[in-house]
>>> print(open('work-v9.txt').read())   # compact mmCIF, C-alpha atoms
# COMPACT_ATOMS: atom_id res chain seq x y z
CA MET W 26 40.93 46.40 -63.76
CA VAL W 27 39.23 49.22 -61.86
CA ASN W 28 35.63 48.18 -61.27
CA VAL W 29 33.66 51.33 -62.06
CA LYS W 30 31.76 52.08 -65.26
CA LYS W 31 32.13 55.39 -67.08
CA GLU W 32 28.43 55.44 -68.01
CA TYR W 33 27.44 55.12 -64.35
CA VAL W 34 29.73 57.93 -63.20
CA GLU W 35 28.57 60.24 -65.99
CA ASN W 36 24.88 59.64 -65.24
CA MET W 37 24.69 58.77 -61.55
CA PHE W 38 23.10 62.08 -60.52
CA SER W 39 20.53 62.02 -63.33
CA VAL W 40 16.79 61.99 -62.65
CA ALA W 41 15.92 62.78 -66.28
CA GLY W 42 12.79 61.03 -67.49
CA LYS W 43 11.73 59.98 -64.01
CA VAL W 44 8.43 60.91 -62.39
CA ALA W 45 8.71 62.97 -59.20
CA LEU W 46 5.74 63.52 -56.88
CA VAL W 47 6.23 66.51 -54.56
CA THR W 48 3.95 67.12 -51.58
CA GLY W 49 3.73 70.56 -50.01
CA ALA W 50 4.58 71.92 -53.45
CA THR W 51 3.26 75.40 -52.70
CA GLY W 52 5.57 75.82 -49.70
CA ALA W 53 8.91 77.62 -49.77
CA LEU W 54 10.93 74.41 -50.06
CA GLY W 55 8.42 72.28 -51.94
CA LYS W 56 8.12 74.64 -54.89
CA VAL W 57 11.91 74.98 -55.18
CA LEU W 58 12.43 71.21 -55.16
CA ALA W 59 9.57 70.72 -57.63
CA LYS W 60 11.13 73.18 -60.07
CA ALA W 61 14.59 71.71 -59.53
CA TYR W 62 13.37 68.22 -60.40
CA GLY W 63 11.83 69.73 -63.51
CA TYR W 64 15.04 71.52 -64.48
CA ALA W 65 16.81 68.18 -64.02
CA GLY W 66 14.52 66.57 -66.58
CA ALA W 67 11.98 64.83 -64.35
CA LYS W 68 8.23 64.89 -64.93
CA VAL W 69 6.78 66.59 -61.87
CA MET W 70 3.43 66.03 -60.17
CA MET W 71 2.82 68.73 -57.57
CA THR W 72 0.32 68.52 -54.76
CA GLY W 73 -0.95 70.65 -51.92
CA ARG W 74 -4.20 72.04 -50.58
CA ASN W 75 -4.27 75.33 -52.52
CA GLY W 76 -5.34 74.76 -56.11
CA ALA W 77 -4.87 78.39 -57.15
CA LYS W 78 -1.23 78.40 -56.03
CA LEU W 79 -0.62 75.05 -57.72
CA GLN W 80 -2.06 76.43 -60.96
CA GLU W 81 0.33 79.39 -60.75
CA LEU W 82 3.27 77.03 -60.33
CA GLU W 83 2.15 74.88 -63.24
CA ASP W 84 1.90 77.95 -65.47
CA GLU W 85 5.35 79.17 -64.38
CA PHE W 86 6.99 75.78 -64.88
CA LYS W 87 5.39 75.07 -68.24
CA ALA W 88 6.57 78.46 -69.48
CA GLU W 89 10.07 77.03 -69.01
CA ASN W 90 9.18 73.77 -70.78
CA ILE W 91 9.02 71.72 -67.57
CA GLU W 92 6.72 68.72 -67.89
CA CYS W 93 4.41 69.02 -64.90
CA ALA W 94 0.90 68.73 -63.52
CA TYR W 95 -0.84 69.17 -60.20
CA THR W 96 -3.52 67.56 -58.07
CA THR W 97 -4.97 69.11 -54.93
CA ALA W 98 -4.92 66.80 -51.92
CA ASP W 99 -4.76 66.86 -48.14
CA PRO W 100 -1.89 64.51 -47.22
CA SER W 101 -3.61 63.56 -43.95
CA ASN W 102 -6.72 62.35 -45.82
CA GLU W 103 -6.34 58.72 -46.85
CA ASP W 104 -8.90 58.84 -49.66
CA GLN W 105 -7.39 62.01 -51.13
CA VAL W 106 -3.91 60.48 -51.05
CA LYS W 107 -5.19 57.39 -52.85
CA ALA W 108 -6.74 59.67 -55.48
CA LEU W 109 -3.45 61.61 -55.76
CA VAL W 110 -1.49 58.43 -56.42
CA LYS W 111 -4.01 57.32 -59.04
CA ALA W 112 -3.95 60.72 -60.73
CA THR W 113 -0.15 60.56 -60.94
CA GLU W 114 -0.26 57.04 -62.36
CA ASP W 115 -2.94 58.06 -64.87
CA LYS W 116 -0.89 61.07 -65.99
CA TYR W 117 2.64 59.65 -66.01
CA GLY W 118 2.31 55.88 -65.59
CA GLN W 119 4.24 55.48 -62.34
CA ILE W 120 6.04 57.27 -59.51
CA ASP W 121 9.84 57.02 -59.36
CA ILE W 122 10.58 59.71 -56.79
CA LEU W 123 8.58 60.97 -53.82
CA ALA W 124 9.65 64.18 -52.09
CA VAL W 125 7.64 64.88 -48.93
CA CYS W 126 7.85 68.60 -48.19
CA HIS W 127 4.64 69.38 -46.30
CA GLY W 128 4.53 70.22 -42.61
CA PHE W 129 2.97 72.29 -39.85
CA ASN W 130 3.93 73.80 -36.51
CA LYS W 131 2.24 75.81 -33.78
CA PRO W 132 4.83 76.51 -31.08
CA GLN W 133 3.45 76.44 -27.53
CA ASN W 134 4.68 75.63 -24.07
CA ILE W 135 3.42 72.19 -23.10
CA LEU W 136 1.49 73.70 -20.18
CA ASP W 137 -0.41 75.94 -22.60
CA GLN W 138 -0.77 73.50 -25.46
CA SER W 139 -4.02 71.57 -25.69
CA VAL W 140 -4.00 67.87 -26.44
CA GLU W 141 -5.97 68.72 -29.57
CA ASP W 142 -3.28 71.13 -30.82
CA TRP W 143 -0.55 68.58 -30.11
CA GLN W 144 -2.51 65.91 -31.97
CA TYR W 145 -3.03 68.22 -34.95
CA ILE W 146 0.74 68.69 -35.26
CA MET W 147 1.30 64.95 -34.98
CA ASP W 148 -1.31 64.25 -37.65
CA ALA W 149 0.10 66.94 -39.97
CA ASP W 150 3.77 66.02 -39.61
CA CYS W 151 3.79 62.31 -38.83
CA LYS W 152 0.50 60.55 -39.63
CA SER W 153 0.19 62.31 -42.99
CA VAL W 154 3.74 61.28 -43.89
CA TYR W 155 2.86 57.67 -43.07
CA ILE W 156 -0.22 57.80 -45.29
CA VAL W 157 1.63 59.30 -48.26
CA LEU W 158 4.59 56.93 -47.91
CA LYS W 159 2.32 53.91 -47.57
CA TYR W 160 0.32 54.48 -50.74
CA VAL W 161 3.20 55.74 -52.87
CA ALA W 162 5.27 52.73 -51.79
CA GLN W 163 2.38 50.45 -52.72
CA SER W 164 2.24 52.08 -56.15
CA MET W 165 5.98 51.55 -56.61
CA VAL W 166 5.65 47.89 -55.64
CA ASP W 167 2.65 47.35 -57.92
CA LYS W 168 4.47 48.96 -60.86
CA GLY W 169 7.78 47.24 -60.14
CA VAL W 170 9.52 50.58 -59.60
CA LYS W 171 12.74 50.63 -57.61
CA GLY W 172 12.07 54.15 -56.44
CA SER W 173 13.46 56.69 -54.03
CA ILE W 174 11.55 58.39 -51.22
CA VAL W 175 12.93 61.59 -49.67
CA VAL W 176 11.23 63.01 -46.59
CA VAL W 177 12.04 66.52 -45.38
CA THR W 178 11.98 66.47 -41.58
CA SER W 179 14.02 68.86 -39.42
CA GLN W 180 17.11 69.10 -37.26
CA ARG W 181 14.51 69.48 -34.49
CA SER W 182 13.95 65.74 -34.82
CA LYS W 183 17.27 65.34 -32.99
CA ARG W 184 17.18 68.24 -30.53
CA GLY W 185 14.46 69.47 -28.19
CA MET W 186 13.37 73.08 -27.97
CA ALA W 187 11.08 75.07 -25.73
CA GLY W 188 7.62 75.31 -27.22
CA TYR W 189 8.31 72.51 -29.71
CA THR W 190 6.94 69.48 -27.83
CA GLY W 191 4.62 68.69 -30.73
CA TYR W 192 6.99 69.54 -33.58
CA CYS W 193 10.08 67.78 -32.22
CA THR W 194 8.03 64.70 -31.42
CA SER W 195 6.40 64.58 -34.85
CA LYS W 196 9.66 65.08 -36.75
CA GLY W 197 11.46 62.53 -34.57
CA GLY W 198 8.67 60.08 -35.32
CA ALA W 199 8.98 60.76 -39.04
CA ASP W 200 12.72 60.05 -38.93
CA MET W 201 12.15 56.73 -37.16
CA MET W 202 9.43 55.94 -39.68
CA VAL W 203 11.94 56.46 -42.47
CA ALA W 204 14.39 54.07 -40.81
CA SER W 205 11.72 51.43 -40.25
CA MET W 206 10.18 51.70 -43.71
CA ALA W 207 13.60 51.25 -45.27
CA CYS W 208 13.78 47.91 -43.45
CA ASP W 209 10.41 46.98 -44.95
CA LEU W 210 11.01 48.21 -48.48
CA THR W 211 14.63 48.37 -49.62
CA ALA W 212 15.98 44.82 -49.65
CA LYS W 213 12.68 43.25 -50.71
CA TYR W 214 11.45 45.83 -53.24
CA GLY W 215 14.41 48.07 -54.06
CA ILE W 216 12.70 51.19 -52.71
CA ARG W 217 15.07 53.47 -50.81
CA VAL W 218 13.73 55.72 -48.04
CA ASN W 219 15.74 58.58 -46.54
CA SER W 220 15.17 61.91 -44.83
CA LEU W 221 17.02 65.20 -44.92
CA LEU W 222 17.12 67.44 -41.86
CA PRO W 223 17.28 71.16 -42.65
CA THR W 224 17.79 74.02 -40.27
CA VAL W 225 15.75 77.21 -40.51
CA PHE W 226 15.34 78.25 -44.15
CA ARG W 227 13.82 81.40 -45.60
CA SER W 228 10.03 81.45 -46.04
CA GLU W 229 7.14 83.78 -45.36
CA LEU W 230 6.94 82.36 -41.85
CA THR W 231 10.66 82.63 -41.05
CA GLU W 232 11.63 85.87 -42.81
CA TRP W 233 11.68 87.70 -39.47
CA MET W 234 14.51 85.44 -38.26
CA PHE W 235 16.86 86.69 -40.98
CA ASP W 236 17.39 90.15 -39.50
CA PRO W 237 21.13 90.14 -38.65
CA ASP W 238 20.55 92.65 -35.85
CA SER W 239 17.95 90.50 -34.07
CA GLU W 240 18.80 88.46 -30.99
CA VAL W 241 17.24 85.37 -32.61
CA TYR W 242 19.64 85.59 -35.56
CA LYS W 243 22.62 86.28 -33.31
CA ASN W 244 21.79 83.23 -31.18
CA PHE W 245 21.56 81.04 -34.27
CA MET W 246 24.97 82.21 -35.46
CA LYS W 247 26.54 81.04 -32.19
CA ARG W 248 25.80 77.46 -33.33
CA GLU W 249 25.78 77.78 -37.12
CA PRO W 250 29.28 77.05 -38.43
CA ILE W 251 28.32 77.83 -42.02
CA GLY W 252 27.73 81.43 -40.92
CA ARG W 253 24.21 82.02 -42.22
CA LEU W 254 20.68 80.69 -42.23
CA ALA W 255 19.50 78.61 -45.17
CA GLU W 256 17.82 79.42 -48.45
CA PRO W 257 15.44 76.81 -49.95
CA ASP W 258 17.80 76.11 -52.86
CA ASP W 259 20.49 75.01 -50.39
CA PHE W 260 18.69 71.65 -50.23
CA VAL W 261 18.27 71.01 -53.94
CA GLY W 262 21.56 69.15 -54.36
CA PHE W 263 20.95 66.81 -51.47
CA ALA W 264 17.38 66.06 -52.58
CA ILE W 265 18.48 65.21 -56.12
CA PHE W 266 21.40 63.18 -54.75
CA LEU W 267 19.05 61.11 -52.58
CA SER W 268 16.68 60.70 -55.55
CA SER W 269 19.36 59.48 -57.95
CA ASP W 270 21.59 56.44 -58.39
CA ALA W 271 24.44 58.40 -56.81
CA SER W 272 22.97 57.42 -53.42
CA LYS W 273 22.16 53.82 -54.41
CA PHE W 274 23.73 52.39 -51.23
CA MET W 275 21.95 54.79 -48.87
CA THR W 276 18.65 53.94 -47.19
CA GLY W 277 17.03 54.42 -43.80
CA GLY W 278 19.22 57.45 -43.11
CA ASN W 279 18.40 60.79 -41.50
CA TYR W 280 20.88 63.18 -43.12
CA ASP W 281 22.02 66.45 -41.55
CA CYS W 282 21.44 69.51 -43.75
CA SER W 283 21.72 72.02 -40.92
CA GLY W 284 24.87 73.90 -41.94
CA GLY W 285 26.65 72.26 -39.03
CA TYR W 286 24.04 73.25 -36.43
CA LEU W 287 23.64 69.68 -35.18
CA ASN W 288 27.38 69.45 -34.51
CA CYS W 289 27.69 72.53 -32.31
>>> encode(input="work-v9.txt", output="structure tokens")
Amino acid sequence: MVNVKKEYVENMFSVAGKVALVTGATGALGKVLAKAYGYAGAKVMMTGRNGAKLQELEDEFKAENIECAYTTADPSNEDQVKALVKATEDKYGQIDILAVCHGFNKPQNILDQSVEDWQYIMDADCKSVYIVLKYVAQSMVDKGVKGSIVVVTSQRSKRGMAGYTGYCTSKGGADMMVASMACDLTAKYGIRVNSLLPTVFRSELTEWMFDPDSEVYKNFMKREPIGRLAEPDDFVGFAIFLSSDASKFMTGGNYDCSGGYLNC
């Protein structure tokens, strides 16, 4: 007898009916993942700092019959994160999926970078992730939810780069946080914690890198086996995979989504 159930195979990628909280939902990747969770049948709570942009996303999503809501919050503010978690619980009862998509960078040579600027990057990309993970995990434990946490970090968590002393450090810290929190949460509470590591993807901030005639683009292509830079929707499949039962034996991992960049 082959020990696999048809029902599991047919539904293992499903997130339908689950509640997904997406931070950084107004960003290029956050809004794509938020809408993708909605298309997949999840109830989506979006958060970010810009209420006007969140309202626009809510209007757009609801026009396509996506069940969604938003709450403004600064992920580095502990009280605002607590309020965000409560608002999500009040609206949808619990949190099944957390997708952390917020981040910040200010590239500078270490000799030019102030300690204050470095600390701001660390707070935005590492401390804030800790705060969100801590209180969402507590909510999952309190509600008895065997949830999934997906943190978007960067392939820069594994490779240094000039001008990225703050960013590489913060993303490397976030990846180690994911590994450590999995040790705290998975076996005892059934909460899986993983990160995905994208390469450069298209956004308002990175659009200039996509010029095929630029030296920046040409240099990327020397180490990008997939032959192009990324679009935000390139990461939808992996995020839903890590949020679903299809990845039920995966936790504490930092997963390469760099188009092969980390291998070259």
>>> closest_residue(input="work-v9.txt", among="W:Tyr286, W:Tyr280, W:Phe38, W:Tyr95", to="Gly73 in chain W", atoms="only C-alpha atoms")
W:Tyr95
>>> residues_around(input="work-v9.txt", residues="Ala67 in chain W", least_positions_apart="6", cutoff="7 Å", atoms="only C-alpha atoms", output="PyMOL selection string")
chain W and resi 40-45
>>> closest_residue(input="work-v9.txt", among="W:Leu136, W:Leu123, W:Met147, W:Leu46", to="Thr72 in chain W", atoms="all atoms listed in the file")
W:Leu46
>>> atom_distance(input="work-v9.txt", atom1="CA of Ala77 in chain W", atom2="CA of Thr178 in chain W")
25.9 Å
>>> closest_residue(input="work-v9.txt", among="W:Leu254, W:Cys93, W:Leu221, W:Ala271", to="Phe235 in chain W", atoms="only C-alpha atoms")
W:Leu254
>>> residues_around(input="work-v9.txt", residues="range 156-162 of chain W", least_positions_apart="6", cutoff="9 Å", atoms="all atoms listed in the file", output="list in words")
Thr48, Pro100, Ser101, Asn102, Glu103, Val106, Lys107, Val110, Ile120, Leu123, Val125, Gly172, Ile174, Met206, Leu210 and Ile216 of chain W
>>> atom_distance(input="work-v9.txt", atom1="CA of Ala204 in chain W", atom2="CA of Ser173 in chain W")
13.5 Å
>>> closest_residue(input="work-v9.txt", among="W:Cys193, W:Leu79, W:Met246, W:Cys208", to="Trp143 in chain W", atoms="all atoms listed in the file")
W:Cys193
>>> axis_aligned_box(input="work-v9.txt", around="range 147-150 of chain W", padding_each_side="3 Å", output="AutoDock Vina command-line options")
--center_x 1.2 --center_y 65.6 --center_z -37.5 --size_x 11.1 --size_y 8.7 --size_z 11.0
>>> closest_residue(input="work-v9.txt", among="W:Met275, W:Ala65, W:Arg227, W:Met234", to="Asn36 in chain W", atoms="all atoms listed in the file")
W:Ala65
>>> decode(input="work-v9.txt", residues="range 81-98 of chain W", atoms="N, CA and C atoms", output="PDB file, in the first residue's frame")
ATOM      1  N   GLU W  81      -6.363  52.215  -1.208  1.00  0.00           N
ATOM      2  CA  GLU W  81      -6.418  51.941  -2.644  1.00  0.00           C
ATOM      3  C   GLU W  81      -6.332  50.446  -2.926  1.00  0.00           C
ATOM      4  N   LEU W  82      -5.450  49.755  -2.197  1.00  0.00           N
ATOM      5  CA  LEU W  82      -5.330  48.312  -2.393  1.00  0.00           C
ATOM      6  C   LEU W  82      -6.602  47.593  -1.960  1.00  0.00           C
ATOM      7  N   GLU W  83      -7.165  47.999  -0.840  1.00  0.00           N
ATOM      8  CA  GLU W  83      -8.401  47.376  -0.385  1.00  0.00           C
ATOM      9  C   GLU W  83      -9.501  47.543  -1.431  1.00  0.00           C
ATOM     10  N   ASP W  84      -9.633  48.747  -1.974  1.00  0.00           N
ATOM     11  CA  ASP W  84     -10.657  48.987  -2.994  1.00  0.00           C
ATOM     12  C   ASP W  84     -10.422  48.107  -4.221  1.00  0.00           C
ATOM     13  N   GLU W  85      -9.165  48.021  -4.660  1.00  0.00           N
ATOM     14  CA  GLU W  85      -8.833  47.208  -5.832  1.00  0.00           C
ATOM     15  C   GLU W  85      -9.141  45.736  -5.582  1.00  0.00           C
ATOM     16  N   PHE W  86      -8.742  45.234  -4.418  1.00  0.00           N
ATOM     17  CA  PHE W  86      -8.925  43.811  -4.120  1.00  0.00           C
ATOM     18  C   PHE W  86     -10.406  43.475  -3.966  1.00  0.00           C
ATOM     19  N   LYS W  87     -11.132  44.322  -3.264  1.00  0.00           N
ATOM     20  CA  LYS W  87     -12.556  44.031  -3.044  1.00  0.00           C
ATOM     21  C   LYS W  87     -13.341  44.067  -4.348  1.00  0.00           C
ATOM     22  N   ALA W  88     -12.877  44.862  -5.307  1.00  0.00           N
ATOM     23  CA  ALA W  88     -13.520  44.883  -6.617  1.00  0.00           C
ATOM     24  C   ALA W  88     -13.400  43.541  -7.324  1.00  0.00           C
ATOM     25  N   GLU W  89     -12.446  42.729  -6.885  1.00  0.00           N
ATOM     26  CA  GLU W  89     -12.273  41.379  -7.436  1.00  0.00           C
ATOM     27  C   GLU W  89     -12.724  40.308  -6.438  1.00  0.00           C
ATOM     28  N   ASN W  90     -13.551  40.735  -5.494  1.00  0.00           N
ATOM     29  CA  ASN W  90     -14.164  39.814  -4.518  1.00  0.00           C
ATOM     30  C   ASN W  90     -13.146  39.135  -3.617  1.00  0.00           C
ATOM     31  N   ILE W  91     -12.032  39.809  -3.353  1.00  0.00           N
ATOM     32  CA  ILE W  91     -11.063  39.319  -2.371  1.00  0.00           C
ATOM     33  C   ILE W  91     -11.469  39.814  -0.993  1.00  0.00           C
ATOM     34  N   GLU W  92     -11.564  38.909  -0.049  1.00  0.00           N
ATOM     35  CA  GLU W  92     -11.865  39.281   1.335  1.00  0.00           C
ATOM     36  C   GLU W  92     -10.611  39.881   1.958  1.00  0.00           C
ATOM     37  N   CYS W  93     -10.666  41.159   2.317  1.00  0.00           N
ATOM     38  CA  CYS W  93      -9.469  41.823   2.812  1.00  0.00           C
ATOM     39  C   CYS W  93      -9.814  43.009   3.696  1.00  0.00           C
ATOM     40  N   ALA W  94      -8.801  43.475   4.421  1.00  0.00           N
ATOM     41  CA  ALA W  94      -8.910  44.659   5.260  1.00  0.00           C
ATOM     42  C   ALA W  94      -7.506  45.205   5.445  1.00  0.00           C
ATOM     43  N   TYR W  95      -7.391  46.359   6.058  1.00  0.00           N
ATOM     44  CA  TYR W  95      -6.060  46.900   6.331  1.00  0.00           C
ATOM     45  C   TYR W  95      -6.025  47.614   7.666  1.00  0.00           C
ATOM     46  N   THR W  96      -4.840  47.683   8.229  1.00  0.00           N
ATOM     47  CA  THR W  96      -4.574  48.441   9.450  1.00  0.00           C
ATOM     48  C   THR W  96      -3.218  49.100   9.296  1.00  0.00           C
ATOM     49  N   THR W  97      -3.142  50.397   9.504  1.00  0.00           N
ATOM     50  CA  THR W  97      -1.850  51.072   9.437  1.00  0.00           C
ATOM     51  C   THR W  97      -1.044  50.750  10.694  1.00  0.00           C
ATOM     52  N   ALA W  98       0.237  50.520  10.517  1.00  0.00           N
ATOM     53  CA  ALA W  98       1.108  50.222  11.651  1.00  0.00           C
ATOM     54  C   ALA W  98       2.566  50.351  11.234  1.00  0.00           C
TER      55      ALA W  98
END
